[in-house]
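Engineer: So I've got this file, entry35.cif, and it contains mmCIF, C-alpha atoms and all ligand atoms:
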data_structure
loop_
_atom_site.label_atom_id
_atom_site.label_comp_id
_atom_site.auth_asym_id
_atom_site.auth_seq_id
_atom_site.Cartn_x
_atom_site.Cartn_y
_atom_site.Cartn_z
CA MET A 25 -42.25 -113.96 11.87
CA VAL A 26 -43.95 -112.53 14.98
CA VAL A 27 -43.11 -114.03 18.39
CA GLU A 28 -44.59 -113.47 21.86
CA ALA A 29 -41.99 -110.79 22.67
CA ASP A 30 -43.31 -108.72 19.72
CA ILE A 31 -46.81 -108.86 21.24
CA GLN A 32 -45.41 -107.70 24.58
CA ASN A 33 -43.53 -104.80 22.95
CA ALA A 34 -46.60 -103.81 20.93
CA VAL A 35 -48.79 -103.82 24.07
CA VAL A 36 -46.33 -101.68 26.04
CA GLU A 37 -46.21 -99.13 23.21
CA LEU A 38 -50.01 -99.29 22.75
CA LEU A 39 -50.62 -98.60 26.43
CA ARG A 40 -48.09 -95.75 26.47
CA ARG A 41 -49.75 -94.05 23.49
CA THR A 42 -53.26 -94.69 24.79
CA VAL A 43 -52.80 -93.16 28.25
CA VAL A 44 -50.89 -90.16 26.87
CA LYS A 45 -53.04 -89.12 23.88
CA LEU A 46 -56.79 -89.19 23.26
CA PRO A 47 -58.25 -90.40 19.95
CA SER A 48 -58.79 -87.41 17.61
CA ASP A 49 -62.63 -87.72 17.67
CA VAL A 50 -62.64 -87.26 21.46
CA GLU A 51 -60.26 -84.30 21.36
CA GLU A 52 -62.30 -82.67 18.59
CA ALA A 53 -65.52 -83.14 20.61
CA LEU A 54 -63.88 -81.44 23.61
CA VAL A 55 -62.77 -78.51 21.41
CA ARG A 56 -66.34 -78.17 20.06
CA ALA A 57 -67.65 -78.20 23.65
CA LEU A 58 -65.24 -75.42 24.63
CA ASP A 59 -66.45 -73.32 21.67
CA ALA A 60 -70.10 -73.95 22.56
CA GLU A 61 -69.91 -72.98 26.23
CA VAL A 62 -70.62 -69.33 27.03
CA ASP A 63 -70.31 -69.14 30.82
CA GLU A 64 -66.93 -68.68 32.41
CA THR A 65 -66.96 -71.71 34.76
CA PRO A 66 -67.56 -74.45 32.14
CA LYS A 67 -65.15 -72.70 29.77
CA MET A 68 -62.49 -72.65 32.48
CA GLN A 69 -63.01 -76.36 33.24
CA LEU A 70 -62.77 -77.36 29.58
CA LYS A 71 -59.73 -75.14 29.10
CA ALA A 72 -58.06 -76.90 32.08
CA ILE A 73 -58.84 -80.28 30.46
CA MET A 74 -57.36 -79.11 27.13
CA ASP A 75 -54.23 -77.80 28.92
CA ASN A 76 -53.95 -81.13 30.73
CA ILE A 77 -54.11 -83.02 27.41
CA LYS A 78 -51.46 -80.75 25.89
CA LEU A 79 -49.09 -81.12 28.85
CA ALA A 80 -49.52 -84.91 28.82
CA GLY A 81 -48.54 -85.00 25.13
CA GLU A 82 -45.57 -82.67 25.60
CA GLY A 83 -44.28 -84.55 28.65
CA ASN A 84 -45.17 -88.00 27.30
CA THR A 85 -46.94 -88.70 30.61
CA PRO A 86 -50.42 -90.13 31.33
CA MET A 87 -53.21 -87.54 31.03
CA CYS A 88 -54.80 -88.78 34.29
CA GLN A 89 -53.29 -90.38 37.38
CA ASP A 90 -55.97 -93.09 37.16
CA THR A 91 -54.66 -95.13 34.25
CA GLY A 92 -57.49 -97.58 34.86
CA VAL A 93 -57.79 -101.31 34.57
CA THR A 94 -56.92 -102.78 31.18
CA ILE A 95 -59.77 -104.14 29.08
CA PHE A 96 -58.67 -105.64 25.75
CA TYR A 97 -60.51 -106.55 22.54
CA VAL A 98 -58.44 -108.91 20.40
CA THR A 99 -59.07 -110.10 16.84
CA LEU A 100 -56.86 -112.97 15.73
CA PRO A 101 -56.18 -114.13 12.18
CA ARG A 102 -57.66 -117.55 11.25
CA THR A 103 -54.33 -119.22 11.97
CA CYS A 104 -52.26 -117.93 14.86
CA GLU A 105 -49.76 -120.01 16.77
CA ILE A 106 -48.47 -117.22 19.00
CA ASP A 107 -49.47 -117.07 22.67
CA VAL A 108 -51.15 -113.67 22.35
CA GLU A 109 -52.76 -113.95 25.80
CA ARG A 110 -49.40 -114.32 27.53
CA GLY A 111 -47.96 -111.51 25.39
CA ILE A 112 -50.74 -109.18 26.55
CA ILE A 113 -50.38 -110.14 30.23
CA GLU A 114 -46.60 -109.63 30.17
CA GLY A 115 -47.08 -106.42 28.15
CA VAL A 116 -49.38 -105.02 30.87
CA ARG A 117 -46.91 -106.04 33.56
CA ARG A 118 -44.05 -104.28 31.75
CA ALA A 119 -46.14 -101.21 30.85
CA THR A 120 -47.02 -100.78 34.53
CA SER A 121 -43.36 -100.18 35.36
CA GLU A 122 -42.14 -98.77 32.03
CA VAL A 123 -44.84 -96.21 31.07
CA PRO A 124 -45.55 -96.15 34.09
CA LEU A 125 -49.20 -97.02 34.84
CA ARG A 126 -50.70 -96.76 38.31
CA PRO A 127 -51.08 -100.27 39.78
CA ASN A 128 -54.88 -100.27 40.12
CA ALA A 129 -55.79 -103.97 39.99
CA VAL A 130 -56.42 -105.52 43.44
CA HIS A 131 -58.03 -108.70 44.83
CA PRO A 132 -61.71 -107.78 45.27
CA ILE A 133 -61.97 -109.11 48.85
CA THR A 134 -58.51 -108.88 50.43
CA ARG A 135 -57.71 -105.68 48.44
CA LYS A 136 -54.15 -107.03 48.09
CA ASN A 137 -52.37 -105.21 45.28
CA PRO A 138 -49.81 -107.25 43.29
CA GLY A 139 -48.39 -103.96 41.99
CA ASP A 140 -48.35 -104.88 38.31
CA ASN A 141 -52.01 -104.65 37.19
CA VAL A 142 -52.10 -108.42 36.69
CA GLY A 143 -54.29 -110.83 38.67
CA ASP A 144 -57.07 -113.38 38.12
CA GLY A 145 -59.21 -112.08 35.23
CA MET A 146 -57.15 -108.92 34.77
CA PRO A 147 -56.13 -107.80 32.18
CA TYR A 148 -59.54 -108.79 30.80
CA MET A 149 -59.62 -109.96 27.18
CA ASN A 150 -62.49 -110.25 24.69
CA TRP A 151 -61.59 -112.57 21.78
CA LYS A 152 -62.68 -112.79 18.14
CA VAL A 153 -61.34 -114.52 15.05
CA GLY A 154 -61.34 -112.42 11.88
CA ASN A 155 -60.27 -112.64 8.25
CA ASN A 156 -57.31 -110.25 8.52
CA ASP A 157 -53.72 -111.34 8.20
CA PHE A 158 -52.77 -109.28 11.26
CA ILE A 159 -53.45 -109.43 15.01
CA GLU A 160 -55.54 -106.48 16.12
CA ILE A 161 -55.43 -105.47 19.78
CA THR A 162 -57.59 -102.66 21.15
CA VAL A 163 -57.28 -101.49 24.72
CA MET A 164 -59.65 -99.39 26.82
CA PRO A 165 -58.01 -98.29 30.07
CA LYS A 166 -61.02 -97.72 32.35
CA GLY A 167 -60.81 -95.46 35.41
CA ALA A 168 -62.94 -96.18 38.47
CA GLY A 169 -64.55 -92.75 38.86
CA SER A 170 -66.60 -93.28 35.72
CA GLU A 171 -66.89 -97.09 35.85
CA ASN A 172 -68.42 -96.90 39.35
CA MET A 173 -71.33 -94.90 37.93
CA SER A 174 -72.26 -97.60 35.38
CA GLN A 175 -75.60 -99.39 35.78
CA LEU A 176 -77.78 -102.21 34.47
CA ALA A 177 -81.59 -102.36 34.49
CA MET A 178 -83.68 -105.39 33.60
CA LEU A 179 -86.73 -103.55 32.29
CA THR A 180 -89.96 -105.20 31.28
CA PRO A 181 -90.81 -105.01 27.56
CA SER A 182 -93.85 -102.84 28.40
CA GLN A 183 -91.50 -100.11 29.65
CA GLY A 184 -90.25 -99.84 26.06
CA VAL A 185 -88.27 -96.94 24.60
CA LYS A 186 -89.66 -94.56 27.24
CA GLY A 187 -88.21 -96.80 29.96
CA ILE A 188 -84.85 -96.90 28.18
CA LYS A 189 -84.71 -93.10 27.94
CA GLU A 190 -85.69 -92.66 31.61
CA PHE A 191 -83.04 -95.15 32.73
CA VAL A 192 -80.23 -93.49 30.72
CA LEU A 193 -81.16 -90.03 31.99
CA SER A 194 -81.51 -91.15 35.63
CA THR A 195 -78.13 -92.94 35.46
CA VAL A 196 -76.44 -89.75 34.28
CA LEU A 197 -78.30 -87.60 36.83
CA ARG A 198 -77.26 -89.96 39.63
CA ALA A 199 -73.64 -89.85 38.36
CA GLY A 200 -73.56 -86.03 38.47
CA GLY A 201 -70.02 -84.71 38.72
CA ASN A 202 -68.51 -88.02 39.97
CA PRO A 203 -67.33 -89.41 36.60
CA CYS A 204 -65.35 -86.25 35.64
CA PRO A 205 -67.74 -84.92 32.97
CA PRO A 206 -68.08 -84.21 30.14
CA MET A 207 -68.97 -87.88 29.92
CA VAL A 208 -69.20 -90.36 27.09
CA LEU A 209 -72.01 -92.89 27.45
CA GLY A 210 -71.99 -96.40 26.10
CA VAL A 211 -75.51 -97.83 26.08
CA GLY A 212 -76.30 -101.51 25.63
CA ILE A 213 -79.83 -102.59 24.79
CA GLY A 214 -81.05 -106.19 24.67
CA GLY A 215 -79.24 -109.52 24.90
CA SER A 216 -79.19 -110.85 28.47
CA SER A 217 -77.84 -109.15 31.61
CA ASP A 218 -74.20 -110.06 30.87
CA ILE A 219 -74.43 -109.44 27.10
CA CYS A 220 -76.05 -106.07 27.70
CA MET A 221 -73.23 -104.86 30.00
CA LYS A 222 -70.69 -106.02 27.40
CA LEU A 223 -72.54 -104.18 24.64
CA ALA A 224 -72.52 -100.98 26.69
CA LYS A 225 -68.76 -101.07 27.10
CA GLN A 226 -68.22 -102.10 23.48
CA ALA A 227 -70.28 -99.06 22.40
CA LEU A 228 -67.49 -96.87 23.80
CA LEU A 229 -65.13 -98.22 21.15
CA ARG A 230 -66.99 -96.50 18.29
CA PRO A 231 -65.73 -93.00 17.34
CA LEU A 232 -68.01 -90.30 18.78
CA ASP A 233 -68.78 -88.82 15.36
CA GLU A 234 -69.99 -92.13 13.89
CA ARG A 235 -73.72 -92.83 14.27
CA HIS A 236 -75.17 -96.38 14.46
CA LYS A 237 -75.89 -97.90 11.04
CA ASP A 238 -79.52 -98.57 12.01
CA PRO A 239 -81.29 -95.20 11.52
CA GLU A 240 -83.70 -95.82 14.39
CA ILE A 241 -80.83 -96.44 16.82
CA ALA A 242 -78.88 -93.50 15.35
CA GLY A 243 -81.91 -91.26 16.02
CA LEU A 244 -82.11 -92.47 19.61
CA GLU A 245 -78.37 -91.75 20.09
CA THR A 246 -78.84 -88.14 18.95
CA GLU A 247 -82.03 -87.63 20.96
CA LEU A 248 -80.50 -88.98 24.17
CA LEU A 249 -77.30 -86.95 23.80
CA ASP A 250 -79.32 -83.75 23.28
CA ALA A 251 -81.46 -84.58 26.32
CA LEU A 252 -78.39 -85.26 28.50
CA ASN A 253 -76.95 -81.89 27.57
CA MET A 254 -80.07 -80.20 28.89
CA LEU A 255 -79.45 -81.59 32.40
CA GLY A 256 -76.99 -78.78 33.17
CA ILE A 257 -74.45 -81.00 35.01
CA GLY A 258 -71.69 -79.50 32.84
CA PRO A 259 -67.90 -79.97 32.79
CA MET A 260 -66.67 -81.40 36.12
CA GLY A 261 -70.23 -81.13 37.44
CA LEU A 262 -69.98 -77.36 37.88
CA GLY A 263 -72.79 -76.51 35.47
CA GLY A 264 -72.85 -75.80 31.76
CA LYS A 265 -74.17 -76.94 28.41
CA THR A 266 -71.82 -79.91 28.04
CA THR A 267 -72.68 -82.85 30.26
CA ALA A 268 -71.75 -85.42 27.59
CA ILE A 269 -69.70 -85.25 24.40
CA GLY A 270 -70.91 -88.54 22.99
CA LEU A 271 -73.42 -91.37 23.31
CA ASN A 272 -73.21 -94.62 21.38
CA ILE A 273 -75.66 -97.51 21.48
CA GLU A 274 -75.10 -101.17 20.62
CA TYR A 275 -77.93 -103.69 20.72
CA ALA A 276 -78.63 -107.41 20.46
CA TYR A 277 -81.87 -109.35 20.11
CA CYS A 278 -83.28 -110.40 23.48
CA HIS A 279 -85.92 -112.72 24.98
CA THR A 280 -89.47 -111.64 24.22
CA ALA A 281 -90.08 -111.24 27.97
CA SER A 282 -86.93 -109.11 28.63
CA LEU A 283 -85.63 -105.63 27.96
CA PRO A 284 -82.14 -105.26 29.47
CA VAL A 285 -80.52 -101.81 29.32
CA ALA A 286 -77.00 -100.99 30.47
CA VAL A 287 -75.12 -97.73 30.67
CA ASN A 288 -71.34 -97.73 30.78
CA VAL A 289 -70.19 -94.31 31.93
CA GLN A 290 -66.91 -92.95 30.60
CA CYS A 291 -65.18 -89.70 31.59
CA TRP A 292 -63.61 -86.95 29.44
CA ALA A 293 -60.44 -89.10 29.39
CA ALA A 294 -62.17 -91.49 26.99
CA ARG A 295 -59.03 -93.43 26.15
CA ARG A 296 -58.99 -96.20 23.61
CA GLY A 297 -56.22 -97.37 21.33
CA THR A 298 -55.56 -100.02 18.70
CA VAL A 299 -52.44 -101.69 17.41
CA ARG A 300 -52.23 -103.96 14.36
CA ILE A 301 -49.39 -106.42 14.46
CA HIS A 302 -48.63 -107.62 10.93
CA LEU A 303 -47.15 -111.04 10.54
CA ASP A 304 -43.90 -109.51 9.17
CA GLY A 305 -43.54 -107.66 12.51
CA ARG A 306 -44.75 -104.25 11.25
CA LEU A 307 -46.85 -102.27 13.76
CA GLU A 308 -49.67 -99.89 12.89
CA PHE A 309 -51.44 -97.62 15.42
CA PRO A 310 -54.59 -96.47 13.59
CA THR A 311 -56.05 -94.52 16.54
CA ASN A 312 -52.83 -93.18 18.06
CA GLU A 313 -50.46 -92.18 15.23
CA GLU A 314 -47.47 -90.09 16.35
S1 LIG B 401 -63.00 -90.52 36.05
FE1 LIG B 401 -61.56 -90.37 34.33
S2 LIG B 401 -60.64 -88.32 34.42
FE2 LIG B 401 -61.65 -88.74 36.40
S3 LIG B 401 -60.00 -89.54 37.69
FE3 LIG B 401 -61.04 -91.31 36.77
S4 LIG B 401 -59.89 -91.74 34.86
FE4 LIG B 401 -59.30 -89.71 35.56
#
Write the structure described by the file as structure tokens, please.
Structural biologist:
Amino acid sequence: MVVEADIQNAVVELLRRTVVKLPSDVEEALVRALDAEVDETPKMQLKAIMDNIKLAGEGNTPMCQDTGVTIFYVTLPRTCEIDVERGIIEGVRRATSEVPLRPNAVHPITRKNPGDNVGDGMPYMNWKVGNNDFIEITVMPKGAGSENMSQLAMLTPSQGVKGIKEFVLSTVLRAGGNPCPPMVLGVGIGGSSDICMKLAKQALLRPLDERHKDPEIAGLETELLDALNMLGIGPMGLGGKTTAIGLNIEYAYCHTASLPVAVNVQCWAARRGTVRIHLDGRLEFPTNEE
């Protein structure tokens, strides 16, 4: 029988694994980028990133000092009497001192920092009810350097696919070296302004080597990624062939008079992790096995 303390423990362990080790698809994409670069500067930058990842793993320490704010995606079983929300909040509080995580969450106006990454609306949780007999919790620690480069555009339908492409490219050009490239881009298309921003962030949850199931969207993902890698921004903004290692799109139907597009910018430290808490207490970490 799972109790709230089990949720807390699972969240602490999930956050520890997630800030220390990247999902294998991200690491593999970085290795491919290192192989593809020919000039010394981008090679050196990617090599430094790979060394950083290795040292983080060996020392069991976060791969970047900015351990982000904690965005959660939770899927509950049809019946669940545990206070999962409280378990997550207390888990974040404990992880901040136990992992440790940098206390990043502050009041937006007073800038007061409670020191434990917990405040109104943070950690932020997205909720779903599923058919599984386990609780699934995914976390995306999101650093500010990349998040600050994210953008939304409310295009008119007449701007169409051309407008979408121009907006994605101009967002990445404007970001330049600020989000610690190589970047990963989550693109949301459709819905309304708020839905579109959510879709863009949610797109970052899909493994980089998995294309969208809709072939038209999958084609757009590939085309945009190729185009971004012709911009020459390169690793850490110092030039090179690899400006982005991945681009995923999620879409939703929208009003006939709207065409919202959102880009959520992610850095090379594209951290995401999932824990499954089975009702007998067993934990599974599908993205961050040790
Ligand atoms: S953008 Fe990413 S890699 Fe750069 S400092 Fe922020 S979290 Fe770290």
Engineer: Which residues sit within 8 Å of ligand LIG 401 (chain B), counting all atoms listed in the file, listed as a PDB file with C-alpha atoms, in the frame of the given file?
Structural biologist:
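Generated file (selection-v7.pdb):
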ATOM      1  CA  MET A  87     -53.210 -87.540  31.030  1.00  0.00           C
ATOM      2  CA  CYS A  88     -54.800 -88.780  34.290  1.00  0.00           C
ATOM      3  CA  GLN A  89     -53.290 -90.380  37.380  1.00  0.00           C
ATOM      4  CA  ASP A  90     -55.970 -93.090  37.160  1.00  0.00           C
ATOM      5  CA  THR A  91     -54.660 -95.130  34.250  1.00  0.00           C
ATOM      6  CA  GLY A  92     -57.490 -97.580  34.860  1.00  0.00           C
ATOM      7  CA  LYS A 166     -61.020 -97.720  32.350  1.00  0.00           C
ATOM      8  CA  GLY A 167     -60.810 -95.460  35.410  1.00  0.00           C
ATOM      9  CA  ALA A 168     -62.940 -96.180  38.470  1.00  0.00           C
ATOM     10  CA  GLY A 169     -64.550 -92.750  38.860  1.00  0.00           C
ATOM     11  CA  SER A 170     -66.600 -93.280  35.720  1.00  0.00           C
ATOM     12  CA  GLU A 171     -66.890 -97.090  35.850  1.00  0.00           C
ATOM     13  CA  ASN A 202     -68.510 -88.020  39.970  1.00  0.00           C
ATOM     14  CA  PRO A 203     -67.330 -89.410  36.600  1.00  0.00           C
ATOM     15  CA  CYS A 204     -65.350 -86.250  35.640  1.00  0.00           C
ATOM     16  CA  PRO A 205     -67.740 -84.920  32.970  1.00  0.00           C
ATOM     17  CA  GLN A 290     -66.910 -92.950  30.600  1.00  0.00           C
ATOM     18  CA  CYS A 291     -65.180 -89.700  31.590  1.00  0.00           C
ATOM     19  CA  TRP A 292     -63.610 -86.950  29.440  1.00  0.00           C
ATOM     20  CA  ALA A 293     -60.440 -89.100  29.390  1.00  0.00           C
ATOM     21  CA  ALA A 294     -62.170 -91.490  26.990  1.00  0.00           C
TER      22      ALA A 294
END
Engineer: Point out the residue among A:Ile213, A:Ala119, A:Val93, A:Leu54 with the least atom-to-atom distance to A:Asn33, counting all atoms listed in the file.
Structural biologist: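 Smallest distance to A:Asn33 is found for A:Ala119.
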Engineer: Between atom CA of A:Ala34 and atom CA of A:Glu82, what distance in Å does the model show, to one decimal?
Structural biologist: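 The value is 21.7 Å.
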Engineer: Taking only C-alpha atoms into account, which of A:Leu179, A:Val43, A:Ile106, A:Ala60 comes nearest A:Ala80?
Structural biologist: A:Val43
Engineer: Would you list the residues near (-61.2, -97.3, 24.2), meaning any protein, DNA or RNA residue with an atom at most 8 Å from that point in file coordinates, counting all atoms listed in the file, as number ranges by chain?
Structural biologist: A: 162-165, 228-229, 294-297
Engineer: Give the answer as one residue: which of A:Gly139, A:Pro47, A:Gly81, A:Gly261 has the shortest atom-to-atom distance to A:Pro127, using all atoms listed in the file?
Structural biologist: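 Of A:Gly139, A:Pro47, A:Gly81, A:Gly261, the one nearest A:Pro127, counting all atoms listed in the file, is A:Gly139.
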Engineer: Just checking: using all atoms listed in the file, which residue out of A:Asn128, A:Ser217, A:Asn156, A:Asn150 ends up closest to A:Pro101?
Structural biologist: A:Asn156
Engineer: Separation of atom CA of A:Leu79 and atom CA of A:Ala199, in Å?
Structural biologist: 27.7 Å
Engineer: Please indicate the distance in Å from atom CA of A:Cys104 to atom CA of A:Val153, rounded to one decimal place.
Structural biologist: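 Taking atom CA of A:Cys104 and atom CA of A:Val153, their separation equals 9.7 Å.
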Engineer: May I have the residues within 10 Å of A:Asp250 as an NGL selection string, using only C-alpha atoms and disregarding those fewer than 3 positions away in the same chain?
Structural biologist: :A and (244-247 or 253-255 or 265-271)
Engineer: Take the residues just selected and output them with C-alpha atoms as a PDB file, keeping the file's coordinate frame.
Structural biologist:
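Everything below was put into result29.pdb:
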ATOM      1  CA  LEU A 244     -82.110 -92.470  19.610  1.00  0.00           C
ATOM      2  CA  GLU A 245     -78.370 -91.750  20.090  1.00  0.00           C
ATOM      3  CA  THR A 246     -78.840 -88.140  18.950  1.00  0.00           C
ATOM      4  CA  GLU A 247     -82.030 -87.630  20.960  1.00  0.00           C
ATOM      5  CA  ASN A 253     -76.950 -81.890  27.570  1.00  0.00           C
ATOM      6  CA  MET A 254     -80.070 -80.200  28.890  1.00  0.00           C
ATOM      7  CA  LEU A 255     -79.450 -81.590  32.400  1.00  0.00           C
ATOM      8  CA  LYS A 265     -74.170 -76.940  28.410  1.00  0.00           C
ATOM      9  CA  THR A 266     -71.820 -79.910  28.040  1.00  0.00           C
ATOM     10  CA  THR A 267     -72.680 -82.850  30.260  1.00  0.00           C
ATOM     11  CA  ALA A 268     -71.750 -85.420  27.590  1.00  0.00           C
ATOM     12  CA  ILE A 269     -69.700 -85.250  24.400  1.00  0.00           C
ATOM     13  CA  GLY A 270     -70.910 -88.540  22.990  1.00  0.00           C
ATOM     14  CA  LEU A 271     -73.420 -91.370  23.310  1.00  0.00           C
TER      15      LEU A 271
END
Engineer: Between A:Val192, A:Ala251, A:Ala177, A:Leu39, single out the one closest to A:Pro124, counting only C-alpha atoms.
Structural biologist: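 Smallest separation from A:Pro124 among the options: A:Leu39.
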Engineer: Find the residues around A:Val287 up to 12 Å (only C-alpha atoms counted), leave out those fewer than 3 positions away in its own chain, and share them as a PyMOL selection string.
Structural biologist: chain A and resi 170-178+188-196+199+207-214+217+220-228+271-275+284+290
Engineer: Which residue is closest to A:Glu61? Choose from A:Gly264, A:Asp238, A:Arg306, A:Tyr277 and count only C-alpha atoms.
Structural biologist: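 Among A:Gly264, A:Asp238, A:Arg306, A:Tyr277, it is A:Gly264 that comes nearest to A:Glu61.
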Engineer: Enclose the full set of atoms of stretch 285-299 of chain A listed in the file within a box whose edges lie along x, y and z, apply 5 Å of padding to each of the six sides, and report centre and edge lengths in Å to one decimal as lines of an AutoDock Vina configuration file.
Structural biologist:
center_x = -66.5
center_y = -94.4
center_z = 24.7
size_x = 38.1
size_y = 24.9
size_z = 24.5
Engineer: Fix up stretch 270-283 of chain A with N, CA, C and O atoms, then write it as a PDB file, keeping the file's coordinate frame.
Structural biologist:
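And here's rebuild.pdb as it stands now:
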ATOM      1  N   GLY A 270     -70.583 -87.455  23.911  1.00  0.00           N
ATOM      2  CA  GLY A 270     -70.910 -88.540  22.990  1.00  0.00           C
ATOM      3  C   GLY A 270     -71.788 -89.584  23.646  1.00  0.00           C
ATOM      4  O   GLY A 270     -71.766 -89.755  24.866  1.00  0.00           O
ATOM      5  N   LEU A 271     -72.595 -90.243  22.823  1.00  0.00           N
ATOM      6  CA  LEU A 271     -73.420 -91.370  23.310  1.00  0.00           C
ATOM      7  C   LEU A 271     -73.581 -92.357  22.172  1.00  0.00           C
ATOM      8  O   LEU A 271     -74.084 -92.011  21.096  1.00  0.00           O
ATOM      9  N   ASN A 272     -73.100 -93.561  22.395  1.00  0.00           N
ATOM     10  CA  ASN A 272     -73.210 -94.620  21.380  1.00  0.00           C
ATOM     11  C   ASN A 272     -74.028 -95.774  21.944  1.00  0.00           C
ATOM     12  O   ASN A 272     -73.893 -96.121  23.118  1.00  0.00           O
ATOM     13  N   ILE A 273     -74.833 -96.373  21.078  1.00  0.00           N
ATOM     14  CA  ILE A 273     -75.660 -97.510  21.480  1.00  0.00           C
ATOM     15  C   ILE A 273     -75.256 -98.745  20.672  1.00  0.00           C
ATOM     16  O   ILE A 273     -75.010 -98.636  19.468  1.00  0.00           O
ATOM     17  N   GLU A 274     -75.190 -99.883  21.330  1.00  0.00           N
ATOM     18  CA  GLU A 274     -75.100-101.170  20.620  1.00  0.00           C
ATOM     19  C   GLU A 274     -76.238-102.037  21.135  1.00  0.00           C
ATOM     20  O   GLU A 274     -76.604-101.953  22.305  1.00  0.00           O
ATOM     21  N   TYR A 275     -76.820-102.854  20.252  1.00  0.00           N
ATOM     22  CA  TYR A 275     -77.930-103.690  20.720  1.00  0.00           C
ATOM     23  C   TYR A 275     -77.776-105.132  20.245  1.00  0.00           C
ATOM     24  O   TYR A 275     -76.992-105.429  19.343  1.00  0.00           O
ATOM     25  N   ALA A 276     -78.539-106.006  20.886  1.00  0.00           N
ATOM     26  CA  ALA A 276     -78.630-107.410  20.460  1.00  0.00           C
ATOM     27  C   ALA A 276     -80.078-107.846  20.665  1.00  0.00           C
ATOM     28  O   ALA A 276     -80.782-107.293  21.525  1.00  0.00           O
ATOM     29  N   TYR A 277     -80.532-108.798  19.895  1.00  0.00           N
ATOM     30  CA  TYR A 277     -81.870-109.350  20.110  1.00  0.00           C
ATOM     31  C   TYR A 277     -81.940-109.947  21.519  1.00  0.00           C
ATOM     32  O   TYR A 277     -80.938-110.434  22.042  1.00  0.00           O
ATOM     33  N   CYS A 278     -83.133-109.880  22.109  1.00  0.00           N
ATOM     34  CA  CYS A 278     -83.280-110.400  23.480  1.00  0.00           C
ATOM     35  C   CYS A 278     -84.527-111.279  23.573  1.00  0.00           C
ATOM     36  O   CYS A 278     -85.295-111.386  22.621  1.00  0.00           O
ATOM     37  N   HIS A 279     -84.729-111.895  24.726  1.00  0.00           N
ATOM     38  CA  HIS A 279     -85.920-112.720  24.980  1.00  0.00           C
ATOM     39  C   HIS A 279     -87.166-111.839  24.881  1.00  0.00           C
ATOM     40  O   HIS A 279     -87.142-110.683  25.303  1.00  0.00           O
ATOM     41  N   THR A 280     -88.237-112.412  24.386  1.00  0.00           N
ATOM     42  CA  THR A 280     -89.470-111.640  24.220  1.00  0.00           C
ATOM     43  C   THR A 280     -90.002-111.095  25.548  1.00  0.00           C
ATOM     44  O   THR A 280     -90.729-110.103  25.570  1.00  0.00           O
ATOM     45  N   ALA A 281     -89.604-111.712  26.667  1.00  0.00           N
ATOM     46  CA  ALA A 281     -90.080-111.240  27.970  1.00  0.00           C
ATOM     47  C   ALA A 281     -89.089-110.313  28.671  1.00  0.00           C
ATOM     48  O   ALA A 281     -89.280-109.965  29.824  1.00  0.00           O
ATOM     49  N   SER A 282     -87.980-109.932  27.979  1.00  0.00           N
ATOM     50  CA  SER A 282     -86.930-109.110  28.630  1.00  0.00           C
ATOM     51  C   SER A 282     -86.698-107.802  27.885  1.00  0.00           C
ATOM     52  O   SER A 282     -86.922-107.721  26.664  1.00  0.00           O
ATOM     53  N   LEU A 283     -86.170-106.834  28.596  1.00  0.00           N
ATOM     54  CA  LEU A 283     -85.630-105.630  27.960  1.00  0.00           C
ATOM     55  C   LEU A 283     -84.464-105.094  28.817  1.00  0.00           C
ATOM     56  O   LEU A 283     -84.603-104.129  29.567  1.00  0.00           O
TER      57      LEU A 283
END
